[in-house]
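Before any comments, here is the structure.
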Amino acid sequence: MAWDWDKLQEQRKKTSGGSSGAPPSMEEVFEKIKGAKKKFPGGTWMIVPVIILIFLGSSCFYTVAVDEVGIIQRFGKYVRTTQPGLNFKLPRGIETITKVKVKYVFKEEFGFRTLQAGVRTQYAPDSSYEIEALMLTGDLNVALVPWIVQYRIKEPFDYLFKVQNVRSTFRDLAEASMRLVVGDSSINEVISKREELAIKDKELLQKYLDEAKTGIQVVTVEMKRTNVPEPVQPSFNEVNQSVQEKERLIYQAKEAYNKVIPAAKGNAEKTIKAAEGYALDRVNRAQGDAARFLDLYAAYAKAEDVTRRRLYLEAMEVILPKLGDKYVVDADQKNLLPLLTLGKPEGGKK
């Protein structure tokens, strides 16, 4: 059965209200333009200026986001910096605007690349960027030191115009500063003191960036897990075990030292204090005896008989209590033997 194409097109126009779903043909477009020329006052010559005015007007107004600033150039020369909000400039071709994010924190990764961030972050293969992280430490060991640098744009003018390729320059300076810091440290410091080295690298990198006038301010430097290349990993583990064993023995020796030495020092101090006390006591006693002897001599010089009798009585007062039983016997007594048993019970025992 042959199709009647013209009848089919008429049926489609009727069902769609006089307009088909297909795009209009060139003849229909020209017809509409001719109709617009007749309706528009001035003809085609007025349409072109209106289009030019609309184009120029739309290029005069622009909006700067809250985290950006606008850098305006007039015929390529910097003229001013505009703040966030709606702003005005001369039309395109005279003044151009470049928006710079000054509050956004940018990130550069060294020694690795993040392919997809998330709960299960995906990283590029380590071997692809291992050369960036491969460094020589101060004690001539090789280490893999991946790290991250976060930064902001502090001076938009310097960032845009003072350095030709600012991102490449930033990465070169960041790598140079990190290699210098790692080169001044031992492998143990690089592994165990990453925070201290990161702070040192941040200060050094900021110094380099300021000297190069990049307009960049470093926010933070974060050193990732540092390791040694895989071929030397077993040997490095053995070295670490030896170092740990050495530290354990040193700790045990210090523990024994802390037990014995303080005790010995305490005993020595005790002996010294006792000797000093004994010496002080002997000196004081000698000085007291000397002073007492001098006083007795002075009293004896004044009254010899009284002083002599007093000294005798005082001596007897000290001696007699130590003698035990005492018997006073008359000089005329002939037989002393019965007197020796006085006060004793029979059998010779008390």
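Within each chain, counting starts at residue 1; across the structure tokens, chains are named A, B, ... in the order shown, with ligands numbered 1 upward in that order.
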
_Report as a PyMOL selection string all protein, DNA and RNA residues lying within 10 Å of range 103-115 of chain A, evaluated on only C-alpha atoms, omitting residues in the same chain fewer than 6 positions from it._
chain A and resi 66-69+121-134+144-154+167+170-171+174-175+217-224

Next, dump the selected residues to file, keeping only C-alpha atoms, as a compact mmCIF listing (two decimals), in the first residue's frame.
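Dumped to out.txt:
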```
# COMPACT_ATOMS: atom_id res chain seq x y z
CA VAL A 66 31.09 36.03 49.35
CA ASP A 67 34.28 33.96 49.24
CA GLU A 68 35.74 35.81 46.23
CA VAL A 69 37.14 39.13 45.11
CA THR A 121 38.58 6.98 49.87
CA GLN A 122 40.28 5.78 46.72
CA TYR A 123 43.91 6.69 46.05
CA ALA A 124 46.04 6.45 42.95
CA PRO A 125 48.75 3.73 42.96
CA ASP A 126 51.68 4.66 45.19
CA SER A 127 54.22 3.83 42.51
CA SER A 128 52.83 6.59 40.25
CA TYR A 129 53.89 9.39 42.60
CA GLU A 130 56.55 7.66 44.73
CA ILE A 131 59.31 9.86 43.34
CA GLU A 132 57.76 12.91 45.07
CA ALA A 133 57.87 11.21 48.48
CA LEU A 134 61.28 9.52 48.13
CA LEU A 144 58.91 7.71 51.78
CA VAL A 145 57.37 10.91 53.12
CA PRO A 146 53.91 11.71 51.71
CA TRP A 147 52.33 14.96 52.88
CA ILE A 148 49.51 17.45 52.27
CA VAL A 149 49.65 21.25 52.13
CA GLN A 150 46.50 23.35 52.56
CA TYR A 151 46.63 27.02 51.63
CA ARG A 152 44.59 30.16 50.88
CA ILE A 153 45.15 33.02 48.46
CA LYS A 154 46.24 35.94 50.63
CA ARG A 167 50.58 26.23 41.07
CA PHE A 170 53.99 26.37 44.75
CA ARG A 171 54.52 22.62 44.33
CA ALA A 174 56.71 22.87 48.87
CA GLU A 175 58.82 19.94 47.75
CA GLN A 217 49.28 31.78 52.80
CA VAL A 218 49.93 28.26 54.12
CA VAL A 219 47.13 27.05 56.41
CA THR A 220 48.55 23.71 57.50
CA VAL A 221 51.06 21.03 56.57
CA GLU A 222 50.15 17.43 57.40
CA MET A 223 52.67 14.62 57.08
CA LYS A 224 51.14 11.24 56.37
```

Set out as a Markdown table a contact list for range 118-181 of chain A and range 192-201 of chain A with a cut-off of 7 Å, giving each residue of range 118-181 of chain A that qualifies its closest atom pair and distance in Å to one decimal, counting only C-alpha atoms, ordered by chain and rising residue number.
```
| residue | atom | partner | partner_atom | distance |
| --- | --- | --- | --- | --- |
| A:Ser177 | CA | A:Asp201 | CA | 6.1 |
| A:Met178 | CA | A:Asp201 | CA | 5.9 |
| A:Val181 | CA | A:Asp201 | CA | 6.3 |
```

Restricted to C-alpha atoms, what would the selected residues look like written as a PDB file, in the first residue's frame?
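Below you can see part-v7.pdb, which holds the result:
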```pdb
ATOM      1  CA  SER A 177      61.147  22.921  51.811  1.00  0.00           C
ATOM      2  CA  MET A 178      60.075  19.402  52.817  1.00  0.00           C
ATOM      3  CA  VAL A 181      63.501  19.636  56.638  1.00  0.00           C
TER       4      VAL A 181
END
```

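Minimum atom-to-atom distances from A:Val228, A:Leu311, A:Cys60, A:Ile72 to Ala299 in chain A were compared using only C-alpha atoms, and the lowest value belongs to A:Leu311.
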
_Residue set, range 41-271 of chain A restricted to strand (DSSP E), as a PyMOL selection string_ = chain A and resi 61-64+68-74+77-82+85-88+95-101+106-110+114-116+122-123+134-136+142-144+147-153+216-223

Could you turn the residues from that selection into a file that holds C-alpha atoms, as a compact mmCIF listing (two decimals), in the first residue's frame?
```
# COMPACT_ATOMS: atom_id res chain seq x y z
CA PHE A 61 27.20 44.26 35.66
CA TYR A 62 28.58 41.25 37.48
CA THR A 63 28.29 39.52 40.84
CA VAL A 64 31.15 38.51 43.16
CA GLU A 68 35.74 35.81 46.23
CA VAL A 69 37.14 39.13 45.11
CA GLY A 70 37.10 40.53 41.60
CA ILE A 71 40.27 41.68 39.89
CA ILE A 72 39.50 44.30 37.20
CA GLN A 73 41.85 44.85 34.26
CA ARG A 74 41.47 47.69 31.76
CA LYS A 77 46.31 46.53 33.10
CA TYR A 78 45.22 46.04 36.71
CA VAL A 79 43.05 48.94 37.93
CA ARG A 80 41.16 47.81 41.07
CA THR A 81 39.87 45.01 43.28
CA THR A 82 36.12 44.70 43.89
CA GLY A 85 28.22 41.76 45.83
CA LEU A 86 26.81 43.37 42.66
CA ASN A 87 29.39 45.54 40.90
CA PHE A 88 29.76 47.63 37.74
CA GLU A 95 37.53 45.97 31.22
CA THR A 96 37.69 42.30 32.13
CA ILE A 97 37.16 40.64 35.49
CA THR A 98 38.93 37.66 37.06
CA LYS A 99 37.34 36.21 40.17
CA VAL A 100 39.71 34.83 42.81
CA LYS A 101 38.58 32.71 45.76
CA PHE A 106 43.00 24.70 48.44
CA LYS A 107 44.87 21.43 48.86
CA GLU A 108 47.95 19.96 47.22
CA GLU A 109 48.97 16.32 47.72
CA PHE A 110 52.53 15.04 47.47
CA THR A 114 43.10 11.09 45.98
CA LEU A 115 40.93 9.74 43.19
CA GLN A 116 37.63 9.78 45.07
CA GLN A 122 40.28 5.78 46.72
CA TYR A 123 43.91 6.69 46.05
CA LEU A 134 61.28 9.52 48.13
CA MET A 135 63.74 11.51 50.28
CA LEU A 136 67.17 11.17 51.90
CA VAL A 142 65.90 6.63 52.43
CA ALA A 143 62.31 7.36 53.47
CA LEU A 144 58.91 7.71 51.78
CA TRP A 147 52.33 14.96 52.88
CA ILE A 148 49.51 17.45 52.27
CA VAL A 149 49.65 21.25 52.13
CA GLN A 150 46.50 23.35 52.56
CA TYR A 151 46.63 27.02 51.63
CA ARG A 152 44.59 30.16 50.88
CA ILE A 153 45.15 33.02 48.46
CA ILE A 216 49.70 32.37 49.07
CA GLN A 217 49.28 31.78 52.80
CA VAL A 218 49.93 28.26 54.12
CA VAL A 219 47.13 27.05 56.41
CA THR A 220 48.55 23.71 57.50
CA VAL A 221 51.06 21.03 56.57
CA GLU A 222 50.15 17.43 57.40
CA MET A 223 52.67 14.62 57.08
```

*How far is it from CA of Glu255 in chain A to CA of Glu189 in chain A, in Å with one decimal?*
25.2 Å

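The space separating CA of Gln206 in chain A from CA of Leu173 in chain A comes to 9.4 Å.
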
*Can you tell me how far CA of Ala256 in chain A sits from CA of Gln244 in chain A, in Å to one decimal?*
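Separation of CA of Ala256 in chain A and CA of Gln244 in chain A: 18.4 Å.
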
*asked:* So that I can check the surroundings of range 183-187 of chain A, please list as an MDAnalysis selection string every protein, DNA and RNA residue that reaches within 6 Å of it, counting only C-alpha atoms and ignoring chain neighbours fewer than 6 positions away.
replied: chainID A and resid 136:139

Export, as a PDB file, in the first residue's frame, the selected residues with N, CA and C atoms.
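As written to disk, result33.pdb reads:
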```
ATOM      1  N   LEU A 136      65.982  11.605  51.161  1.00  0.00           N
ATOM      2  CA  LEU A 136      67.167  11.170  51.896  1.00  0.00           C
ATOM      3  C   LEU A 136      67.213  11.919  53.223  1.00  0.00           C
ATOM      4  N   THR A 137      67.295  11.168  54.325  1.00  0.00           N
ATOM      5  CA  THR A 137      67.318  11.774  55.653  1.00  0.00           C
ATOM      6  C   THR A 137      68.732  12.201  56.028  1.00  0.00           C
ATOM      7  N   GLY A 138      68.837  12.862  57.176  1.00  0.00           N
ATOM      8  CA  GLY A 138      70.128  13.365  57.605  1.00  0.00           C
ATOM      9  C   GLY A 138      71.117  12.277  57.969  1.00  0.00           C
ATOM     10  N   ASP A 139      70.638  11.095  58.385  1.00  0.00           N
ATOM     11  CA  ASP A 139      71.543   9.989  58.708  1.00  0.00           C
ATOM     12  C   ASP A 139      71.695   9.027  57.536  1.00  0.00           C
TER      13      ASP A 139
END
```

*Where does DSSP see helix (DSSP H, G or I) in range 168-313 of chain A, if you list the residues as a PyMOL selection string?*
chain A and resi 168-183+187-192+194-212+230-302+304-313

_Using only C-alpha atoms, which protein or nucleic acid residues come within 10 Å of Leu160 in chain A? Drop anything in the same chain fewer than 2 positions from it, and give the result as a list of chain:residue names._
A:Ile71, A:Thr98, A:Val100, A:Glu155, A:Pro156, A:Phe157, A:Asp158, A:Lys162, A:Val163, A:Gln164, A:Asn165, A:Val166, A:Thr214, A:Gly215

Keeping N, CA and C atoms, export the residues of the selection given above as a CSV table (one decimal), in the first residue's frame.
```csv
chain,number,residue,atom,x,y,z
A,71,ILE,N,39.1,40.9,40.4
A,71,ILE,CA,40.3,41.7,39.9
A,71,ILE,C,39.9,42.3,38.5
A,98,THR,N,38.5,39.0,36.7
A,98,THR,CA,38.9,37.7,37.1
A,98,THR,C,38.6,37.5,38.5
A,100,VAL,N,38.7,35.6,42.0
A,100,VAL,CA,39.7,34.8,42.8
A,100,VAL,C,39.1,34.5,44.1
A,155,GLU,N,47.0,37.3,48.8
A,155,GLU,CA,47.1,38.5,47.9
A,155,GLU,C,46.8,38.2,46.5
A,156,PRO,N,45.5,38.5,46.1
A,156,PRO,CA,45.1,38.1,44.8
A,156,PRO,C,45.9,38.7,43.6
A,157,PHE,N,46.4,40.0,43.9
A,157,PHE,CA,47.2,40.6,42.8
A,157,PHE,C,48.5,39.9,42.6
A,158,ASP,N,49.2,39.5,43.7
A,158,ASP,CA,50.4,38.8,43.5
A,158,ASP,C,50.2,37.4,42.9
A,162,LYS,N,52.3,38.2,39.7
A,162,LYS,CA,53.7,38.2,40.0
A,162,LYS,C,54.4,36.9,39.6
A,163,VAL,N,53.6,35.8,39.5
A,163,VAL,CA,54.2,34.5,39.2
A,163,VAL,C,53.5,33.9,37.9
A,164,GLN,N,54.2,33.4,37.0
A,164,GLN,CA,53.6,33.0,35.7
A,164,GLN,C,52.7,31.7,35.9
A,165,ASN,N,53.3,30.7,36.5
A,165,ASN,CA,52.6,29.5,36.8
A,165,ASN,C,52.7,29.2,38.3
A,166,VAL,N,51.7,29.8,39.0
A,166,VAL,CA,51.8,29.8,40.5
A,166,VAL,C,51.6,28.4,41.1
A,214,THR,N,54.2,35.0,45.8
A,214,THR,CA,53.1,34.2,45.2
A,214,THR,C,51.7,34.6,45.7
A,215,GLY,N,51.7,35.3,46.8
A,215,GLY,CA,50.4,35.7,47.4
A,215,GLY,C,49.6,34.6,48.1
```
